[in-house]
$ cat target-v6.cif   # mmCIF, N, CA and C atoms
data_final
#
loop_
_atom_site.label_atom_id
_atom_site.label_comp_id
_atom_site.auth_asym_id
_atom_site.auth_seq_id
_atom_site.Cartn_x
_atom_site.Cartn_y
_atom_site.Cartn_z
N MET G 1 -12.18 -9.70 96.45
CA MET G 1 -11.89 -8.66 95.49
C MET G 1 -10.52 -8.07 95.80
N SER G 2 -9.67 -8.03 94.79
CA SER G 2 -8.32 -7.52 95.01
C SER G 2 -8.28 -6.00 94.89
N LEU G 3 -7.21 -5.43 95.36
CA LEU G 3 -7.01 -4.00 95.33
C LEU G 3 -6.99 -3.46 93.90
N PHE G 4 -6.57 -4.29 92.95
CA PHE G 4 -6.39 -3.84 91.57
C PHE G 4 -7.52 -4.26 90.63
N ASP G 5 -8.64 -4.76 91.15
CA ASP G 5 -9.74 -5.21 90.29
C ASP G 5 -10.25 -4.10 89.37
N LYS G 6 -10.43 -2.92 89.91
CA LYS G 6 -10.95 -1.81 89.09
C LYS G 6 -9.96 -1.45 87.98
N GLN G 7 -8.66 -1.41 88.31
CA GLN G 7 -7.65 -1.10 87.30
C GLN G 7 -7.59 -2.20 86.23
N GLN G 8 -7.74 -3.45 86.65
CA GLN G 8 -7.72 -4.56 85.68
C GLN G 8 -8.92 -4.47 84.73
N GLN G 9 -10.09 -4.11 85.27
CA GLN G 9 -11.27 -3.94 84.42
C GLN G 9 -11.08 -2.78 83.44
N PHE G 10 -10.51 -1.68 83.94
CA PHE G 10 -10.23 -0.54 83.08
C PHE G 10 -9.26 -0.93 81.97
N PHE G 11 -8.19 -1.65 82.32
CA PHE G 11 -7.21 -2.06 81.32
C PHE G 11 -7.85 -2.99 80.29
N GLU G 12 -8.67 -3.92 80.73
CA GLU G 12 -9.30 -4.85 79.79
C GLU G 12 -10.21 -4.09 78.82
N ALA G 13 -10.98 -3.12 79.32
CA ALA G 13 -11.84 -2.31 78.45
C ALA G 13 -10.99 -1.48 77.48
N LEU G 14 -9.90 -0.90 77.98
CA LEU G 14 -9.01 -0.12 77.12
C LEU G 14 -8.38 -1.00 76.05
N HIS G 15 -7.96 -2.19 76.43
CA HIS G 15 -7.34 -3.13 75.48
C HIS G 15 -8.33 -3.42 74.34
N GLN G 16 -9.59 -3.65 74.68
CA GLN G 16 -10.60 -3.92 73.65
C GLN G 16 -10.82 -2.70 72.75
N GLN G 17 -10.83 -1.49 73.35
CA GLN G 17 -10.96 -0.27 72.55
C GLN G 17 -9.79 -0.11 71.58
N MET G 18 -8.58 -0.35 72.09
CA MET G 18 -7.38 -0.22 71.26
C MET G 18 -7.41 -1.26 70.13
N GLN G 19 -7.86 -2.46 70.46
CA GLN G 19 -7.95 -3.53 69.46
C GLN G 19 -8.91 -3.12 68.35
N ALA G 20 -10.03 -2.49 68.71
CA ALA G 20 -11.02 -2.07 67.72
C ALA G 20 -10.49 -0.95 66.82
N LEU G 21 -9.55 -0.15 67.32
CA LEU G 21 -8.98 0.93 66.51
C LEU G 21 -8.08 0.41 65.39
N CYS G 22 -7.45 -0.73 65.61
CA CYS G 22 -6.42 -1.24 64.71
C CYS G 22 -7.01 -1.83 63.44
N PRO G 23 -6.29 -1.69 62.33
CA PRO G 23 -6.76 -2.28 61.06
C PRO G 23 -6.83 -3.80 61.17
N PRO G 24 -7.80 -4.41 60.53
CA PRO G 24 -7.94 -5.87 60.61
C PRO G 24 -6.71 -6.64 60.13
N ASP G 25 -5.99 -6.07 59.15
CA ASP G 25 -4.81 -6.74 58.62
C ASP G 25 -3.54 -6.46 59.44
N ASP G 26 -3.66 -5.65 60.49
CA ASP G 26 -2.52 -5.33 61.35
C ASP G 26 -3.04 -5.22 62.80
N PRO G 27 -3.34 -6.36 63.42
CA PRO G 27 -4.00 -6.35 64.74
C PRO G 27 -3.07 -5.90 65.87
N LEU G 28 -3.70 -5.54 66.98
CA LEU G 28 -2.99 -5.11 68.17
C LEU G 28 -2.10 -6.23 68.70
N VAL G 29 -0.83 -5.91 68.97
CA VAL G 29 0.11 -6.87 69.54
C VAL G 29 0.15 -6.72 71.06
N GLY G 30 0.09 -5.48 71.54
CA GLY G 30 0.12 -5.24 72.98
C GLY G 30 -0.23 -3.81 73.30
N ALA G 31 -0.63 -3.58 74.56
CA ALA G 31 -1.01 -2.24 74.99
C ALA G 31 -0.75 -2.07 76.48
N PHE G 32 -0.65 -0.81 76.91
CA PHE G 32 -0.58 -0.50 78.33
C PHE G 32 -1.13 0.90 78.55
N ILE G 33 -1.23 1.31 79.81
CA ILE G 33 -1.74 2.62 80.18
C ILE G 33 -0.55 3.46 80.64
N GLY G 34 -0.45 4.68 80.12
CA GLY G 34 0.66 5.53 80.50
C GLY G 34 0.23 6.97 80.71
N THR G 35 1.08 7.72 81.39
CA THR G 35 0.82 9.14 81.59
C THR G 35 2.00 9.95 81.07
N GLN G 36 1.67 11.10 80.51
CA GLN G 36 2.70 12.04 80.09
C GLN G 36 2.56 13.28 80.97
N SER G 37 3.62 13.60 81.68
CA SER G 37 3.60 14.78 82.55
C SER G 37 4.19 15.97 81.82
N LYS G 38 3.52 17.08 81.96
CA LYS G 38 4.03 18.34 81.44
C LYS G 38 4.14 19.28 82.63
N ALA G 39 4.55 20.50 82.40
CA ALA G 39 4.80 21.45 83.48
C ALA G 39 3.62 21.59 84.43
N PHE G 40 2.41 21.75 83.92
CA PHE G 40 1.26 21.99 84.78
C PHE G 40 0.11 21.03 84.54
N SER G 41 0.36 19.91 83.87
CA SER G 41 -0.73 18.97 83.59
C SER G 41 -0.18 17.57 83.33
N ASN G 42 -1.08 16.62 83.35
CA ASN G 42 -0.79 15.24 82.98
C ASN G 42 -1.79 14.81 81.92
N GLN G 43 -1.36 13.97 81.01
CA GLN G 43 -2.25 13.41 80.00
C GLN G 43 -2.17 11.90 80.10
N LEU G 44 -3.30 11.26 80.25
CA LEU G 44 -3.39 9.80 80.30
C LEU G 44 -3.51 9.28 78.87
N PHE G 45 -2.78 8.21 78.55
CA PHE G 45 -2.81 7.61 77.22
C PHE G 45 -3.03 6.11 77.31
N GLY G 46 -3.77 5.59 76.35
CA GLY G 46 -3.72 4.19 76.03
C GLY G 46 -2.63 4.07 74.98
N VAL G 47 -1.64 3.23 75.20
CA VAL G 47 -0.51 3.08 74.29
C VAL G 47 -0.54 1.65 73.75
N GLY G 48 -0.56 1.51 72.45
CA GLY G 48 -0.60 0.18 71.86
C GLY G 48 0.25 0.10 70.61
N VAL G 49 0.58 -1.13 70.23
CA VAL G 49 1.34 -1.35 69.00
C VAL G 49 0.75 -2.50 68.20
N THR G 50 0.90 -2.36 66.90
CA THR G 50 0.65 -3.45 65.97
C THR G 50 2.03 -3.81 65.40
N ARG G 51 2.08 -4.63 64.39
CA ARG G 51 3.37 -4.92 63.75
C ARG G 51 3.98 -3.65 63.16
N ASN G 52 3.13 -2.77 62.60
CA ASN G 52 3.62 -1.63 61.83
C ASN G 52 3.32 -0.26 62.42
N LEU G 53 2.54 -0.19 63.48
CA LEU G 53 2.07 1.10 63.98
C LEU G 53 2.15 1.20 65.50
N LEU G 54 2.37 2.42 65.97
CA LEU G 54 2.23 2.75 67.39
C LEU G 54 1.01 3.66 67.46
N VAL G 55 0.11 3.38 68.38
CA VAL G 55 -1.08 4.21 68.54
C VAL G 55 -1.12 4.76 69.95
N LEU G 56 -1.36 6.07 70.05
CA LEU G 56 -1.49 6.76 71.33
C LEU G 56 -2.91 7.32 71.38
N GLN G 57 -3.72 6.78 72.27
CA GLN G 57 -5.10 7.25 72.42
C GLN G 57 -5.20 8.11 73.67
N PRO G 58 -5.34 9.45 73.51
CA PRO G 58 -5.52 10.29 74.69
C PRO G 58 -6.80 9.90 75.43
N LEU G 59 -6.74 9.95 76.76
CA LEU G 59 -7.88 9.60 77.60
C LEU G 59 -8.20 10.77 78.52
N ASP G 60 -9.49 10.93 78.84
CA ASP G 60 -9.89 11.99 79.76
C ASP G 60 -9.81 11.50 81.21
N ARG G 61 -10.25 12.35 82.14
CA ARG G 61 -10.17 12.00 83.56
C ARG G 61 -11.05 10.82 83.94
N LYS G 62 -12.06 10.55 83.12
CA LYS G 62 -12.93 9.40 83.36
C LYS G 62 -12.45 8.17 82.59
N GLN G 63 -11.25 8.29 82.04
CA GLN G 63 -10.58 7.21 81.34
C GLN G 63 -11.32 6.77 80.07
N GLN G 64 -11.92 7.78 79.41
CA GLN G 64 -12.60 7.56 78.14
C GLN G 64 -11.79 8.24 77.04
N PRO G 65 -11.88 7.76 75.80
CA PRO G 65 -11.15 8.40 74.70
C PRO G 65 -11.45 9.90 74.64
N ASP G 66 -10.40 10.68 74.45
CA ASP G 66 -10.49 12.13 74.44
C ASP G 66 -9.81 12.65 73.18
N GLY G 67 -10.53 12.61 72.08
CA GLY G 67 -9.97 13.05 70.81
C GLY G 67 -9.49 11.89 69.96
N ALA G 68 -8.94 12.25 68.83
CA ALA G 68 -8.48 11.25 67.86
C ALA G 68 -7.17 10.62 68.31
N PRO G 69 -6.98 9.34 68.00
CA PRO G 69 -5.70 8.71 68.32
C PRO G 69 -4.59 9.24 67.43
N VAL G 70 -3.37 9.16 67.93
CA VAL G 70 -2.17 9.51 67.16
C VAL G 70 -1.57 8.21 66.65
N TRP G 71 -1.38 8.12 65.34
CA TRP G 71 -0.80 6.92 64.72
C TRP G 71 0.62 7.25 64.26
N LEU G 72 1.56 6.42 64.62
CA LEU G 72 2.96 6.62 64.23
C LEU G 72 3.51 5.37 63.56
N ARG G 73 4.27 5.57 62.50
CA ARG G 73 4.97 4.48 61.82
C ARG G 73 6.43 4.51 62.27
N PRO G 74 7.18 3.42 62.07
CA PRO G 74 8.58 3.42 62.48
C PRO G 74 9.38 4.61 61.94
N GLY G 75 9.13 5.02 60.71
CA GLY G 75 9.86 6.15 60.13
C GLY G 75 9.53 7.49 60.77
N ASP G 76 8.44 7.55 61.53
CA ASP G 76 8.05 8.79 62.21
C ASP G 76 8.86 9.02 63.49
N ILE G 77 9.50 7.98 64.01
CA ILE G 77 10.25 8.08 65.26
C ILE G 77 11.68 8.49 64.93
N THR G 78 12.13 9.60 65.52
CA THR G 78 13.48 10.08 65.23
C THR G 78 14.46 9.79 66.36
N ASN G 79 13.96 9.58 67.56
CA ASN G 79 14.83 9.34 68.71
C ASN G 79 14.00 8.64 69.78
N ALA G 80 14.61 7.71 70.51
CA ALA G 80 13.86 7.02 71.57
C ALA G 80 14.80 6.60 72.69
N ALA G 81 14.31 6.73 73.91
CA ALA G 81 14.98 6.18 75.10
C ALA G 81 13.97 5.23 75.73
N ILE G 82 14.36 3.99 75.87
CA ILE G 82 13.45 2.95 76.34
C ILE G 82 13.91 2.49 77.70
N TRP G 83 13.07 2.73 78.70
CA TRP G 83 13.36 2.37 80.09
C TRP G 83 14.73 2.91 80.51
N GLY G 84 15.07 4.11 80.02
CA GLY G 84 16.33 4.75 80.40
C GLY G 84 17.50 4.41 79.50
N GLN G 85 17.34 3.48 78.58
CA GLN G 85 18.42 3.07 77.70
C GLN G 85 18.29 3.77 76.35
N GLY G 86 19.39 4.23 75.82
CA GLY G 86 19.41 4.79 74.47
C GLY G 86 19.14 6.28 74.40
N GLY G 87 18.91 6.91 75.54
CA GLY G 87 18.59 8.33 75.52
C GLY G 87 19.69 9.19 76.08
N GLY G 88 20.83 8.62 76.37
CA GLY G 88 21.91 9.40 76.94
C GLY G 88 21.99 9.22 78.45
N PHE G 89 23.04 9.78 79.01
CA PHE G 89 23.34 9.58 80.42
C PHE G 89 22.25 10.13 81.34
N ARG G 90 21.69 11.31 81.02
CA ARG G 90 20.66 11.91 81.88
C ARG G 90 19.44 11.00 81.99
N GLU G 91 19.00 10.41 80.88
CA GLU G 91 17.85 9.51 80.93
C GLU G 91 18.18 8.24 81.69
N TRP G 92 19.41 7.77 81.54
CA TRP G 92 19.80 6.52 82.18
C TRP G 92 19.81 6.64 83.71
N ILE G 93 20.25 7.80 84.23
CA ILE G 93 20.33 7.95 85.69
C ILE G 93 19.05 8.53 86.30
N ALA G 94 18.09 8.94 85.49
CA ALA G 94 16.86 9.51 86.04
C ALA G 94 16.15 8.48 86.91
N ALA G 95 15.66 8.92 88.06
CA ALA G 95 15.03 8.02 89.03
C ALA G 95 13.81 7.31 88.46
N ASP G 96 13.07 7.97 87.57
CA ASP G 96 11.85 7.37 87.05
C ASP G 96 12.00 6.76 85.66
N SER G 97 13.22 6.71 85.13
CA SER G 97 13.40 6.25 83.75
C SER G 97 13.12 4.77 83.57
N GLU G 98 13.13 3.99 84.64
CA GLU G 98 12.93 2.55 84.53
C GLU G 98 11.56 2.21 83.94
N TYR G 99 10.59 3.09 84.10
CA TYR G 99 9.23 2.81 83.60
C TYR G 99 8.80 3.84 82.58
N GLN G 100 9.77 4.44 81.89
CA GLN G 100 9.46 5.55 81.02
C GLN G 100 9.94 5.32 79.59
N LEU G 101 9.10 5.71 78.64
CA LEU G 101 9.44 5.70 77.23
C LEU G 101 9.52 7.15 76.78
N ARG G 102 10.65 7.55 76.21
CA ARG G 102 10.81 8.89 75.66
C ARG G 102 11.08 8.75 74.18
N PHE G 103 10.32 9.48 73.39
CA PHE G 103 10.59 9.45 71.96
C PHE G 103 10.14 10.74 71.31
N SER G 104 10.78 11.04 70.19
CA SER G 104 10.48 12.23 69.40
C SER G 104 10.02 11.77 68.03
N THR G 105 9.22 12.61 67.39
CA THR G 105 8.73 12.29 66.06
C THR G 105 9.32 13.24 65.03
N ALA G 106 9.22 12.86 63.78
CA ALA G 106 9.76 13.66 62.69
C ALA G 106 9.12 15.04 62.61
N ASN G 107 7.88 15.18 63.07
CA ASN G 107 7.23 16.50 63.01
C ASN G 107 7.48 17.34 64.26
N GLY G 108 8.39 16.88 65.14
CA GLY G 108 8.81 17.67 66.29
C GLY G 108 8.10 17.39 67.60
N ASP G 109 7.11 16.51 67.61
CA ASP G 109 6.43 16.17 68.86
C ASP G 109 7.35 15.34 69.74
N LYS G 110 7.29 15.60 71.05
CA LYS G 110 8.10 14.84 72.00
C LYS G 110 7.17 14.21 73.02
N TYR G 111 7.42 12.93 73.28
CA TYR G 111 6.62 12.19 74.24
C TYR G 111 7.52 11.65 75.34
N LYS G 112 7.03 11.70 76.55
CA LYS G 112 7.69 11.12 77.71
C LYS G 112 6.59 10.42 78.49
N ILE G 113 6.38 9.14 78.19
CA ILE G 113 5.24 8.42 78.74
C ILE G 113 5.72 7.43 79.79
N MET G 114 5.18 7.61 80.98
CA MET G 114 5.50 6.76 82.12
C MET G 114 4.44 5.67 82.24
N ALA G 115 4.88 4.43 82.34
CA ALA G 115 3.95 3.33 82.55
C ALA G 115 3.25 3.54 83.89
N MET G 116 1.93 3.61 83.86
CA MET G 116 1.15 3.92 85.06
C MET G 116 1.39 2.89 86.16
N GLY G 117 1.84 3.36 87.31
CA GLY G 117 2.02 2.49 88.46
C GLY G 117 3.33 1.74 88.52
N GLY G 118 4.17 1.86 87.49
CA GLY G 118 5.45 1.18 87.49
C GLY G 118 5.33 -0.34 87.55
N TRP G 119 6.36 -0.98 88.03
CA TRP G 119 6.43 -2.44 88.02
C TRP G 119 5.41 -3.07 88.96
N THR G 120 5.12 -2.44 90.08
CA THR G 120 4.15 -2.98 91.03
C THR G 120 2.79 -3.11 90.36
N MET G 121 2.36 -2.06 89.68
CA MET G 121 1.08 -2.08 88.98
C MET G 121 1.11 -3.12 87.86
N ALA G 122 2.20 -3.17 87.11
CA ALA G 122 2.30 -4.12 86.00
C ALA G 122 2.13 -5.55 86.49
N LYS G 123 2.80 -5.91 87.59
CA LYS G 123 2.67 -7.26 88.13
C LYS G 123 1.25 -7.55 88.59
N ALA G 124 0.61 -6.56 89.21
CA ALA G 124 -0.76 -6.74 89.68
C ALA G 124 -1.74 -6.86 88.52
N MET G 125 -1.44 -6.20 87.41
CA MET G 125 -2.33 -6.21 86.25
C MET G 125 -2.25 -7.53 85.47
N GLY G 126 -1.15 -8.24 85.60
CA GLY G 126 -1.05 -9.54 84.96
C GLY G 126 -0.19 -9.57 83.72
N ASP G 127 -0.08 -10.78 83.16
CA ASP G 127 0.80 -11.03 82.01
C ASP G 127 0.45 -10.20 80.78
N LYS G 128 -0.83 -10.01 80.51
CA LYS G 128 -1.24 -9.27 79.31
C LYS G 128 -0.71 -7.83 79.36
N TYR G 129 -0.72 -7.23 80.53
CA TYR G 129 -0.22 -5.86 80.70
C TYR G 129 1.29 -5.83 80.52
N ILE G 130 2.00 -6.76 81.15
CA ILE G 130 3.46 -6.83 81.03
C ILE G 130 3.86 -7.08 79.58
N GLN G 131 3.14 -7.97 78.90
CA GLN G 131 3.42 -8.23 77.49
C GLN G 131 3.19 -6.98 76.65
N GLY G 132 2.20 -6.16 77.02
CA GLY G 132 1.95 -4.91 76.31
C GLY G 132 3.10 -3.93 76.48
N LEU G 133 3.59 -3.80 77.73
CA LEU G 133 4.76 -2.95 77.98
C LEU G 133 5.94 -3.39 77.13
N GLU G 134 6.20 -4.69 77.13
CA GLU G 134 7.33 -5.23 76.38
C GLU G 134 7.15 -5.06 74.88
N ALA G 135 5.92 -5.23 74.37
CA ALA G 135 5.67 -5.09 72.94
C ALA G 135 5.91 -3.66 72.47
N VAL G 136 5.47 -2.68 73.27
CA VAL G 136 5.68 -1.27 72.90
C VAL G 136 7.18 -0.95 72.94
N ALA G 137 7.87 -1.39 73.98
CA ALA G 137 9.32 -1.15 74.08
C ALA G 137 10.07 -1.80 72.93
N ASP G 138 9.71 -3.02 72.56
CA ASP G 138 10.35 -3.72 71.44
C ASP G 138 10.11 -2.96 70.13
N TRP G 139 8.88 -2.48 69.93
CA TRP G 139 8.56 -1.74 68.70
C TRP G 139 9.42 -0.49 68.60
N LEU G 140 9.53 0.26 69.70
CA LEU G 140 10.37 1.47 69.68
C LEU G 140 11.84 1.13 69.47
N ALA G 141 12.30 0.03 70.07
CA ALA G 141 13.70 -0.39 69.89
C ALA G 141 13.97 -0.71 68.42
N ARG G 142 13.03 -1.35 67.74
CA ARG G 142 13.20 -1.65 66.32
C ARG G 142 13.28 -0.38 65.49
N CYS G 143 12.64 0.69 65.93
CA CYS G 143 12.69 1.97 65.20
C CYS G 143 14.08 2.58 65.25
N GLN G 144 14.86 2.22 66.24
CA GLN G 144 16.20 2.77 66.40
C GLN G 144 17.21 2.18 65.42
N ARG G 145 16.90 1.08 64.82
CA ARG G 145 17.85 0.40 63.93
C ARG G 145 17.88 1.01 62.56
#

$ encode --input "target-v6.cif" --output "structure tokens"
Amino acid sequence: MSLFDKQQQFFEALHQQMQALCPPDDPLVGAFIGTQSKAFSNQLFGVGVTRNLLVLQPLDRKQQPDGAPVWLRPGDITNAAIWGQGGGFREWIAADSEYQLRFSTANGDKYKIMAMGGWTMAKAMGDKYIQGLEAVADWLARCQR
């Protein structure tokens, strides 16, 4: 049994949950687990993308869905910094920006989601997890055009 077996099982269950949320005509392309840090709290998210949508599923401390998912279309994204690129000099030099997605929405919400565990965790989780990270980053990059 590897050190990351429990995390891999959690990710596989989350991936299936995210897949079930997506419309049948617009299936899940990729997903990953991320955290958003605020001044005095952290929020765990399942982050996934389809061809046309970004979905953020808040998760509780037991890693179960906690409320309704947030659905975003490309037109809802007003600004994005992907892995430190595209967000200005401060985001580019930030120590943790390599594993972070920052984006704002048209209704004023701001997200700063860090890929859980960084690159070490991603490699341990396998190709499906890495492909999910890349799919979400690609989707946000397309919103910038």

$ select_by_dssp --input "target-v6.cif" --residues "chain G" --states "strand (DSSP E or B)" --output "MDAnalysis selection string"
chainID G and resid 30:37 42:49 54:59 65 70:72 77:82 85 100:105 110:115

$ closest_residue --input "target-v6.cif" --among "G:Val47, G:Ala141, G:Ala135, G:Ala124" --to "Tyr111 (chain G)" --atoms "only C-alpha atoms"
G:Val47

$ residues_around --input "target-v6.cif" --residues "region 52-61 of chain G" --least-positions-apart "6" --cutoff "7 Å" --atoms "all atoms listed in the file" --output "ChimeraX atom specification"
/G:26,43-46,67-74

$ residues_near_point --input "target-v6.cif" --point "(2.3, 2.3, 80.3)" --cutoff "9 Å" --atoms "only C-alpha atoms" --output "list in words"
Ala31, Phe32, Ile33, Gly34, Thr35, Phe45, Gly46, Val47, Tyr99, Gln100, Leu101, Ile113, Met114, Ala115, Met116, Gly117, Gly118, Ala122, Tyr129, Gly132, Leu133 and Val136 of chain G

$ resolve_selection --input "target-v6.cif" --expression "the PyMOL selection byres (((chain G and resi 76 and name CA) around 9) and name CA)" --output "PyMOL selection string"
chain G and resi 72-75+77-78+104-107+143

$ write_last_selection --input "target-v6.cif" --atoms "N, CA and C atoms" --output "PDB file, in the coordinates of the input"
ATOM      1  N   LEU G  72       1.560   6.420  64.620  1.00  0.00           N
ATOM      2  CA  LEU G  72       2.960   6.620  64.230  1.00  0.00           C
ATOM      3  C   LEU G  72       3.510   5.370  63.560  1.00  0.00           C
ATOM      4  N   ARG G  73       4.270   5.570  62.500  1.00  0.00           N
ATOM      5  CA  ARG G  73       4.970   4.480  61.820  1.00  0.00           C
ATOM      6  C   ARG G  73       6.430   4.510  62.270  1.00  0.00           C
ATOM      7  N   PRO G  74       7.180   3.420  62.070  1.00  0.00           N
ATOM      8  CA  PRO G  74       8.580   3.420  62.480  1.00  0.00           C
ATOM      9  C   PRO G  74       9.380   4.610  61.940  1.00  0.00           C
ATOM     10  N   GLY G  75       9.130   5.020  60.710  1.00  0.00           N
ATOM     11  CA  GLY G  75       9.860   6.150  60.130  1.00  0.00           C
ATOM     12  C   GLY G  75       9.530   7.490  60.770  1.00  0.00           C
ATOM     13  N   ILE G  77       9.500   7.980  64.010  1.00  0.00           N
ATOM     14  CA  ILE G  77      10.250   8.080  65.260  1.00  0.00           C
ATOM     15  C   ILE G  77      11.680   8.490  64.930  1.00  0.00           C
ATOM     16  N   THR G  78      12.130   9.600  65.520  1.00  0.00           N
ATOM     17  CA  THR G  78      13.480  10.080  65.230  1.00  0.00           C
ATOM     18  C   THR G  78      14.460   9.790  66.360  1.00  0.00           C
ATOM     19  N   SER G 104      10.780  11.040  70.190  1.00  0.00           N
ATOM     20  CA  SER G 104      10.480  12.230  69.400  1.00  0.00           C
ATOM     21  C   SER G 104      10.020  11.770  68.030  1.00  0.00           C
ATOM     22  N   THR G 105       9.220  12.610  67.390  1.00  0.00           N
ATOM     23  CA  THR G 105       8.730  12.290  66.060  1.00  0.00           C
ATOM     24  C   THR G 105       9.320  13.240  65.030  1.00  0.00           C
ATOM     25  N   ALA G 106       9.220  12.860  63.780  1.00  0.00           N
ATOM     26  CA  ALA G 106       9.760  13.660  62.690  1.00  0.00           C
ATOM     27  C   ALA G 106       9.120  15.040  62.610  1.00  0.00           C
ATOM     28  N   ASN G 107       7.880  15.180  63.070  1.00  0.00           N
ATOM     29  CA  ASN G 107       7.230  16.500  63.010  1.00  0.00           C
ATOM     30  C   ASN G 107       7.480  17.340  64.260  1.00  0.00           C
ATOM     31  N   CYS G 143      12.640   0.690  65.930  1.00  0.00           N
ATOM     32  CA  CYS G 143      12.690   1.970  65.200  1.00  0.00           C
ATOM     33  C   CYS G 143      14.080   2.580  65.250  1.00  0.00           C
TER      34      CYS G 143
END

$ closest_residue --input "target-v6.cif" --among "G:Ala80, G:Val49, G:Met18, G:Ile130" --to "Phe103 (chain G)" --atoms "only C-alpha atoms"
G:Ala80
